[in-house]
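Colleague: Sharing a structure here in C-alpha cells format.
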Amino acid sequence: MSNSTPSTANGNDSRTFKGIRSPCGPSRVLHVRKVPIEVSEAEVISLGVPFGKVTNLLMLKGKNQAFIEMASEEAAITMVNYYTAATPHVRNQPVYIQYSNHRELKTDNLPNQGRAQAALQAVNAMHSGNMGLSGSASSSDGTLMPGQSPVLRIIVENLFYPVSLEVLHQIFSKFGTVLKIITFTKNNQFQALLQYADPLNAHHAKVTLDGQNIYNACCTLRVEFSKLASLNVKYNNDKSRDFTRLDLPSGDGQPALDPGMTAAFGGPGIISSPYAGAAGFAPAIGFPQAGLSMPTMPGALGPLAIPSSAVAGRMPIHGMPPGALHSVLLVSNLNPDSISPHGLFILFGVYGDVHRVKILFNKKENALIQMADATQAQLAMSHLNGQRLYGKVMRVTISKHQTVQLPREGQEDQGLTKDFSGSPLHRFKKPGSKNFQNIFPPSATLHLSNIPPSITDDILKDLFGGSGYTVKAFKFFQKDRKMALIQLGSVEEAIQALIDLHNHDLGENHHLRVSFSKSTI
C-alpha cells in the first residue's frame, strides 16, 4: 500500500483537523480525511466540481483518505474556505478537507488508478453537458430539461412548525454540496429553490426526500427538479444565501431574487419567507450539527428536534406586522343568520385546535377565534380566507388581540362566546397524530371516517342528501370500509356539510369524522 501513498500522507496531511486553517499553505492538491470506506470515486470528485475542474484523484481506501487535484489554486482556495465554514457530508458522514503539501498528484504508475481516471472523465463529461456549456442537456432558452438540473424546487406542506433556510441546508447537505438556497412564499406555501454542485446530488436528494416529513408527522417535503439551470442570489440573509460568496450584503430584507428570475415564480413580491431562522441555529454560515438528529437510514428523516420557541408559537413571522405572532383570528363578512360559535369551532378545527370563539355582540358578522398557537392560526387563515360560507365570502386575518376574553359573570352575551379548550373534538391534541398529515384546503370531496360496519352507502348518501346537500358521487375505501369519500355539489356545500355533520352520531358508539380530501372520486 505504501507505494500508492504520497510521501507526506501520514505527516502533515493526516494531522487532526479541527476546522481551523490548515497547517499547509494553499495548494491545488487537497487532502480529504474520514472518507467512508464505501464511497465511490465520483462522490469524492463531486466535492470539488462546484469550485472548478477536478484534474486528478487518488483514493486511499485503507486509510479513509483521498487526494483531489483541482485545475487551479484559486478553485482550491474557494473550496477550502467554503468547506471550513460548512462541513461537507458524504454518505451522511462529515469529511474534512485541507491543503496538501503536494503541488500536484503524480499517479500515472500507481495501481487501481483506472477507476479514478474513468470517474474523472465521466464527471467532467457530464458537467460540460449539464452545466449548459455544450448545450447537450439544455433547451434553446438555456434552461435545463427536467431531471438534468442541479436546482431543486422544494415545497413544504403541513407547515405546523417553522422551517428555516438553515434547516433545509442541514437536511439537503446530506446528499452533496449545497451552493445556494432561496426561500419564498407562493400560493400561501413555503417554498425554496436549492442549487447543488452536481445534478447527481439533486437527483439523489429528490428520490430520497420527496414525501418525507421534516418533523414528526408534519412539514412534508415535496421535491421536484426546477427548470432553472442555476440561481442568482444577491443577498445573504435568512431568506436567501449563496454559500460560495460570503461577501454578499444582507440586503435588509430586500427581495433575494434577480428581477429577471422572478418570472420563474410568477411575479415580484412573493419572496418573503414566513419564518426567521430557527432558534438554536447559528446565523450566517457555520451550522451546528446539533438539533437535527439525522438517522443514517436513507428514506427517512426521523425525528428532528423542533425548536422549543416554535412549539410555543413564539417564532417571529417575517414580513408581517408584530401582531402576526398572535394566535387569535378575526373573521369578518360572516352570515349572522347562519353562523354559530360551534360551527366556527368545527370549521376552524380542521386546521388547528380552537380554544375560544366570540361572535361580536354589536357586529354579528364578525368573530374572534383563538387557536392553540400562532402556526395553527396562520394555517387556518391561509386555507379559509376567501372561502364562501352560507352565501358570503369569508375574510380571515390575524387579530391584534392576544386572547379572546370570556364574558364576566352576569354579563349579557346571548351565548356568543364559547370556551372550547376542554373539548373532546380537538383533532391535534396528540403529538404526532396522523391528522397532521391530512390537512387539505376546502374541497367539494369530503373524507369520511369512523363509519361502523352496519352503515351502508345509501344510509350515508341519505344522511347528506336529507340535510340538503347534492351528493354527486360516493365510494367506500376498498381496503377499509370504515372510511369513504363523498363528492358534493360545490366547495361551499362541502364546507357547510362538514360543519353540520362532523361528529354526527351514527349509532353503535360511532361518531362520523369529516375532513376535506385531496382526492376526487
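FYI, nothing fancy with the C-alpha cells labels: chains A, B, ... in order, residues from 1 per chain, ligands from 1 as they appear.
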Going by DSSP on the backbone, which bits of region 311-514 of chain A are helix (DSSP H, G or I)? Write them as number ranges by chain, please.

Modeller: A: 311, 322-325, 341-348, 374-384, 434-437, 457-466, 491-501

Colleague: Using DSSP on the backbone coordinates, identify all residues within region 286-500 of chain A classified as strand (DSSP E or B); present the result as an MDAnalysis selection string.

Modeller: chainID A and resid 317 328:332 354:359 367:371 388:389 392:393 395:398 417:419 445:449 471:476 484:488

Colleague: List as a PyMOL selection string the protein and nucleic acid residues near region 516-520 of chain A, meaning an atom at most 7 Å away when only C-alpha atoms are counted, but skip any in the same chain fewer than 4 places from it.

Modeller: chain A and resi 440-443+445-447

Colleague: Which residues, written as a ChimeraX atom specification, have at least one atom at most 9 Å from region 492-504 of chain A, with only C-alpha atoms counted and residues fewer than 4 positions away on the same chain left out?

Modeller: /A:342-347,387-391,425,442-446,448,463-464,467-470,487-488,510-516

Colleague: One number please: CA of Pro453 (chain A) to CA of Met483 (chain A), in Å, one decimal.

Modeller: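 Between CA of Pro453 (chain A) and CA of Met483 (chain A) the gap is 10.3 Å.
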
Colleague: Can you work out which one of A:Val233, A:Ala197, A:Ile182, A:Val350 has the shortest atom-to-atom distance to Gly48 (chain A), counting only C-alpha atoms?

Modeller: A:Ala197

Colleague: Need the shell around Ala42 (chain A): protein/DNA/RNA residues with any atom at most 9 Å away, counting only C-alpha atoms. Skip same-chain ones fewer than 4 positions apart. Format as a list in words?

Modeller: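 Using only C-alpha atoms, the neighbours found are Ser46, Leu47, Ala116, Ala119, Leu120, Ala122 and Val123 of chain A.
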
Colleague: Any chance you could export the current selection's all heavy atoms as a short mmCIF file (atom, residue, chain, number, x, y, z; two decimals), in the first residue's frame?

Modeller:
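Result written to out-v4.cif:
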data_model
loop_
_atom_site.label_atom_id
_atom_site.label_comp_id
_atom_site.auth_asym_id
_atom_site.auth_seq_id
_atom_site.Cartn_x
_atom_site.Cartn_y
_atom_site.Cartn_z
N SER A 46 -17.21 14.85 -6.76
CA SER A 46 -18.31 15.83 -6.74
C SER A 46 -18.14 16.88 -5.65
O SER A 46 -18.74 17.94 -5.70
CB SER A 46 -19.67 15.13 -6.61
OG SER A 46 -19.82 14.65 -5.30
N LEU A 47 -17.27 16.60 -4.64
CA LEU A 47 -16.97 17.64 -3.64
C LEU A 47 -16.26 18.82 -4.29
O LEU A 47 -16.43 19.97 -3.88
CB LEU A 47 -16.06 17.06 -2.54
CG LEU A 47 -16.66 16.03 -1.59
CD1 LEU A 47 -15.57 15.38 -0.75
CD2 LEU A 47 -17.71 16.67 -0.69
N ALA A 116 -10.34 5.69 -11.00
CA ALA A 116 -10.33 7.13 -10.70
C ALA A 116 -10.35 7.94 -12.01
O ALA A 116 -11.09 8.92 -12.13
CB ALA A 116 -9.10 7.49 -9.87
N ALA A 119 -13.74 7.75 -13.61
CA ALA A 119 -14.72 8.59 -12.89
C ALA A 119 -14.50 10.06 -13.23
O ALA A 119 -15.46 10.81 -13.44
CB ALA A 119 -14.58 8.37 -11.38
N LEU A 120 -13.23 10.48 -13.30
CA LEU A 120 -12.93 11.88 -13.66
C LEU A 120 -13.48 12.22 -15.03
O LEU A 120 -14.12 13.26 -15.23
CB LEU A 120 -11.41 12.11 -13.66
CG LEU A 120 -10.76 12.36 -12.30
CD1 LEU A 120 -9.25 12.25 -12.42
CD2 LEU A 120 -11.13 13.75 -11.78
N ALA A 122 -15.89 10.73 -16.65
CA ALA A 122 -17.37 10.70 -16.65
C ALA A 122 -17.94 11.98 -16.04
O ALA A 122 -18.84 12.61 -16.61
CB ALA A 122 -17.87 9.48 -15.88
N VAL A 123 -17.38 12.38 -14.89
CA VAL A 123 -17.91 13.57 -14.22
C VAL A 123 -17.65 14.81 -15.07
O VAL A 123 -18.54 15.65 -15.25
CB VAL A 123 -17.27 13.73 -12.82
CG1 VAL A 123 -17.61 15.10 -12.24
CG2 VAL A 123 -17.76 12.63 -11.89
#

Colleague: Quick one: residues within 8 Å of Leu416 (chain A), only C-alpha atoms counted, chain neighbours fewer than 5 positions away excluded, as JSON, numbers by chain?

Modeller: {"A": [340, 341, 357, 358, 359, 360, 361]}

Colleague: For the selection you just gave me, I'd like the residues written to a file as an mmCIF file, in the first residue's frame, keeping N, CA and C atoms.

Modeller:
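What ended up in part_37.cif:
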data_model
loop_
_atom_site.group_PDB
_atom_site.id
_atom_site.type_symbol
_atom_site.label_atom_id
_atom_site.label_comp_id
_atom_site.auth_asym_id
_atom_site.auth_seq_id
_atom_site.Cartn_x
_atom_site.Cartn_y
_atom_site.Cartn_z
ATOM 1 N N SER A 340 -72.694 30.116 14.033
ATOM 2 C CA SER A 340 -72.732 29.944 15.496
ATOM 3 C C SER A 340 -71.312 29.688 15.977
ATOM 4 N N PRO A 341 -71.051 29.917 17.277
ATOM 5 C CA PRO A 341 -69.701 29.615 17.785
ATOM 6 C C PRO A 341 -69.314 28.156 17.520
ATOM 7 N N VAL A 357 -64.163 30.934 20.908
ATOM 8 C CA VAL A 357 -64.811 31.639 19.792
ATOM 9 C C VAL A 357 -65.710 32.724 20.371
ATOM 10 N N LYS A 358 -65.626 33.925 19.807
ATOM 11 C CA LYS A 358 -66.526 35.010 20.230
ATOM 12 C C LYS A 358 -67.121 35.658 18.982
ATOM 13 N N ILE A 359 -68.437 35.567 18.826
ATOM 14 C CA ILE A 359 -69.125 36.343 17.787
ATOM 15 C C ILE A 359 -69.412 37.710 18.395
ATOM 16 N N LEU A 360 -69.056 38.786 17.696
ATOM 17 C CA LEU A 360 -69.124 40.117 18.309
ATOM 18 C C LEU A 360 -70.579 40.549 18.500
ATOM 19 N N PHE A 361 -70.890 40.986 19.710
ATOM 20 C CA PHE A 361 -72.263 41.295 20.143
ATOM 21 C C PHE A 361 -72.897 42.369 19.261
#
